[in-house]
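Peer 1: Below is a structure I'd like to ask you about.
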Amino acid sequence: AQTVTQSQPEMSVQEAETVTLSCTYDTSESDYYLFWYKQPPSRQMILVIRQEAYKQQNATENRFSVNFQKAAKSFSLKISDSQLGDAAMYFCAYNYGGATNKLIFGTGTLLAVQP
Amino acid sequence: NAGVTQTPKFQVLKTGQSMTLQCAQDMNHNSMYWYRQDPGMGLRLIYYSASEGTTDKGEVPNGYNVSRLNKREFSLRLESAAPSQTSVYFCASSALGHTSYGYTFGSGTRLTVV
């Protein structure tokens, strides 16, 4: 069964600094998708970035980028120039598609941003 | 605005009471999902509906039932609420075949069972 592991329950970063959130996953599939979702105190789930496993190039969205290591089954999120609005719970998620398109989530990392 | 609408946003139930969480999407998505979020456990899939007319159990289906009323609506029912069902519930939808886009989520329902 596919699993997603986030080993950092909480992280803290100074404003304007860079922080990396870790995520590992387990799968026997060769083609799949990986996501990072942000959940601020409003509770809304916001898609931050996505990566397609068949693409070797790491995805980037403005200050957010990933380090995708397919062989190591690792998918970390780097947030550059951290802002107070980045404070949130971050979830890593995996999806192999297929007929059901189910998303499997990690347990989350709570990120605090210190002014 | 287009998206996924969940009602209610908050609910307090007494043990043994029943209730239905409503979810509707207006994006013409085929697939809909119900998750629960608990501290330290992430989001866990309760039930899903890959397409209109089908429903299947997810990881934690016990104590719940679902109905895919039509393509837009997917409801979650608690027949006899228990304190262990205190949680935040999320409905989500996706376009079948467009797995790279992830899900669109509703804003969640915070349910407390006392």
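Quick note on naming: the chains in the structure tokens go A, B, ... in the order shown, residues restart at 1 in each chain, and ligands are numbered from 1 in order of appearance.
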Sorted by chain and rising residue number, which residues of chain A lie within 8 Å of chain B, and what are their closest atom pairs and distances in Å to one decimal, counting only C-alpha atoms, as CSV?
Peer 2:
residue,atom,partner,partner_atom,distance
A:Pro9,CA,B:Gly40,CA,7.8
A:Tyr33,CA,B:Ser100,CA,6.1
A:Phe35,CA,B:Gly102,CA,7.5
A:Arg43,CA,B:Ser107,CA,6.5
A:Gln44,CA,B:Ser107,CA,5.1
A:Met45,CA,B:Phe105,CA,6.2
A:Leu47,CA,B:Gly102,CA,7.9
A:Arg50,CA,B:Ser100,CA,7.4
A:Gln51,CA,B:Ser100,CA,7.9
A:Glu52,CA,B:Ser100,CA,7.0
A:Phe91,CA,B:Gly42,CA,7.5
A:Asn95,CA,B:Thr99,CA,7.3
A:Tyr96,CA,B:Thr99,CA,7.8
A:Gly97,CA,B:Thr99,CA,5.3
A:Gly98,CA,B:Gly97,CA,7.7
A:Ala99,CA,B:Ala50,CA,6.9
A:Thr100,CA,B:Ala50,CA,5.2
A:Asn101,CA,B:Thr99,CA,6.2
A:Leu103,CA,B:Gly102,CA,7.7
A:Ile104,CA,B:Arg44,CA,7.5
A:Phe105,CA,B:Leu43,CA,5.9
A:Gly106,CA,B:Gly42,CA,5.7
A:Thr107,CA,B:Gly42,CA,3.9
A:Gly108,CA,B:Gly42,CA,5.8
Peer 1: Residues at most 8 Å from A:Ser80, counting only C-alpha atoms, excluding those fewer than 4 positions away in the same chain, as a list in words?
Peer 2: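 What passes the distance filter is Ala16, Glu17, Thr18, Val19, Arg63 and Phe64 of chain A.
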Peer 1: Restricting the calculation to only C-alpha atoms, which member of B:Asn28, B:Gln11, B:Ser87, B:Gln22 is positioned closest to B:Leu69?
Peer 2: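 The closest residue to B:Leu69 is B:Gln22.
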Peer 1: Residues at most 10 Å from A:Gln114, counting only C-alpha atoms, excluding those fewer than 5 positions away in the same chain, as a JSON list (two decimals) with N, CA and C atoms, in the first residue's frame?
Peer 2:
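part02.json written:
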[["chain", "number", "residue", "atom", "x", "y", "z"],
["A", 12, "SER", "N", 10.11, 25.76, 12.35],
["A", 12, "SER", "CA", 10.08, 27.19, 12.56],
["A", 12, "SER", "C", 11.13, 27.84, 11.66],
["A", 13, "VAL", "N", 10.83, 29.02, 11.16],
["A", 13, "VAL", "CA", 11.76, 29.74, 10.29],
["A", 13, "VAL", "C", 11.63, 31.22, 10.57],
["A", 14, "GLN", "N", 12.74, 31.94, 10.42],
["A", 14, "GLN", "CA", 12.71, 33.39, 10.54],
["A", 14, "GLN", "C", 12.20, 33.99, 9.23],
["A", 15, "GLU", "N", 11.48, 35.06, 9.37],
["A", 15, "GLU", "CA", 11.03, 35.80, 8.20],
["A", 15, "GLU", "C", 12.22, 36.10, 7.29],
["A", 16, "ALA", "N", 12.02, 35.91, 5.98],
["A", 16, "ALA", "CA", 13.01, 36.15, 4.92],
["A", 16, "ALA", "C", 14.02, 35.02, 4.77],
["A", 17, "GLU", "N", 14.01, 34.06, 5.68],
["A", 17, "GLU", "CA", 14.91, 32.93, 5.56],
["A", 17, "GLU", "C", 14.28, 31.81, 4.72],
["A", 82, "SER", "N", 10.89, 33.43, 3.32],
["A", 82, "SER", "CA", 9.66, 33.12, 4.05],
["A", 82, "SER", "C", 8.95, 34.39, 4.51],
["A", 83, "GLN", "N", 7.63, 34.33, 4.41],
["A", 83, "GLN", "CA", 6.79, 35.45, 4.81],
["A", 83, "GLN", "C", 5.84, 35.02, 5.91],
["A", 84, "LEU", "N", 5.34, 36.00, 6.66],
["A", 84, "LEU", "CA", 4.45, 35.67, 7.76],
["A", 84, "LEU", "C", 3.23, 34.89, 7.28],
["A", 87, "ALA", "N", 2.96, 30.92, 7.28],
["A", 87, "ALA", "CA", 2.67, 30.13, 8.48],
["A", 87, "ALA", "C", 1.40, 29.34, 8.26]]
Peer 1: Tell me which protein, DNA and RNA residues are within 9 Å of B:Arg72, counting only C-alpha atoms, leaving out same-chain ones fewer than 3 positions away, and put them as a ChimeraX atom specification.
Peer 2: /B:23-30,32,52,68-69
Peer 1: Could you name the residues that touch B:Ala81 at 12 Å or less, counting only C-alpha atoms, but leaving out those on the same chain fewer than 4 positions away, as a PDB file with C-alpha atoms, in the first residue's frame?
Peer 2:
ATOM      1  CA  GLN B  11     -21.932  21.376  14.178  1.00  0.00           C
ATOM      2  CA  VAL B  12     -22.259  20.021  17.696  1.00  0.00           C
ATOM      3  CA  LEU B  13     -24.029  16.703  18.126  1.00  0.00           C
ATOM      4  CA  LYS B  14     -24.923  14.590  21.099  1.00  0.00           C
ATOM      5  CA  THR B  15     -23.826  10.980  21.121  1.00  0.00           C
ATOM      6  CA  GLY B  16     -26.330   8.887  19.210  1.00  0.00           C
ATOM      7  CA  GLN B  17     -27.724  11.717  17.101  1.00  0.00           C
ATOM      8  CA  SER B  18     -27.637  11.561  13.340  1.00  0.00           C
ATOM      9  CA  MET B  19     -26.781  14.165  10.758  1.00  0.00           C
ATOM     10  CA  THR B  20     -25.896  14.610   7.116  1.00  0.00           C
ATOM     11  CA  ASN B  62     -16.963   2.643   9.711  1.00  0.00           C
ATOM     12  CA  GLY B  63     -19.836   4.668  11.158  1.00  0.00           C
ATOM     13  CA  TYR B  64     -20.506   6.553   7.931  1.00  0.00           C
ATOM     14  CA  ASN B  65     -22.670   6.254   4.848  1.00  0.00           C
ATOM     15  CA  ARG B  77     -24.256  10.671   6.843  1.00  0.00           C
ATOM     16  CA  GLN B  85     -16.222  11.026  15.082  1.00  0.00           C
ATOM     17  CA  THR B  86     -15.286  14.447  16.417  1.00  0.00           C
ATOM     18  CA  SER B  87     -13.180  15.773  13.578  1.00  0.00           C
ATOM     19  CA  LEU B 111     -17.973  18.466  13.984  1.00  0.00           C
ATOM     20  CA  THR B 112     -17.976  17.949  17.740  1.00  0.00           C
ATOM     21  CA  VAL B 113     -19.765  14.977  19.271  1.00  0.00           C
ATOM     22  CA  VAL B 114     -20.387  15.288  23.014  1.00  0.00           C
TER      23      VAL B 114
END
Peer 1: Using only C-alpha atoms, which residue out of A:Val66, A:Leu21, A:Gln2, A:Asn58 lies closest to A:Thr109?
Peer 2: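 Of the candidates, the smallest distance to A:Thr109 is held by A:Leu21.
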Peer 1: What's around A:Thr27 at 10 Å? Count only C-alpha atoms, leave out sequence neighbours fewer than 6 positions away in its own chain, and write the answer as a PyMOL selection string.
Peer 2: chain A and resi 1-4+73+94+96
Peer 1: Export, as a CSV table (one decimal), in the first residue's frame, the selected residues with N, CA and C atoms.
Peer 2:
chain,number,residue,atom,x,y,z
A,1,ALA,N,0.8,-1.2,0.0
A,1,ALA,CA,0.0,0.0,0.0
A,1,ALA,C,0.9,1.2,0.0
A,2,GLN,N,0.4,2.3,-0.7
A,2,GLN,CA,1.1,3.5,-0.7
A,2,GLN,C,1.0,4.2,0.6
A,3,THR,N,2.1,4.8,1.0
A,3,THR,CA,2.1,5.6,2.3
A,3,THR,C,2.9,6.9,2.0
A,4,VAL,N,2.6,7.9,2.8
A,4,VAL,CA,3.3,9.2,2.8
A,4,VAL,C,3.7,9.5,4.2
A,73,LYS,N,12.6,8.2,-3.3
A,73,LYS,CA,11.2,8.4,-3.0
A,73,LYS,C,11.1,9.5,-1.9
A,94,TYR,N,0.2,12.2,-2.3
A,94,TYR,CA,0.5,11.3,-3.4
A,94,TYR,C,-0.7,10.8,-4.1
A,96,TYR,N,-1.6,8.2,-7.6
A,96,TYR,CA,-1.2,7.5,-8.7
A,96,TYR,C,-2.2,7.4,-9.9
Peer 1: May I ask for the distance between atom CA of B:Ser80 and atom CA of B:Tyr47, given in Å to one decimal place?
Peer 2: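 About the pair atom CA of B:Ser80 and atom CA of B:Tyr47: they are 17.2 Å apart.
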Peer 1: In Å, how far is it from atom CA of A:Leu34 to atom CA of B:Thr5?
Peer 2: 24.9 Å
Peer 1: Which one is closest to A:Ala88: A:Ala59, A:Met11, A:Ala72, A:Ile49? Count only C-alpha atoms.
Peer 2: A:Met11
Peer 1: Write out as a PyMOL selection string the set of residues from stretch 33-87 of chain A that DSSP, computed on the backbone, places in strand (DSSP E).
Peer 2: chain A and resi 33-39+46-52+60-61+64-69+74-79
Peer 1: Calculate how many Å separate atom CA of A:Met89 from atom CA of A:Leu110, rounding to one decimal.
Peer 2: 4.3 Å
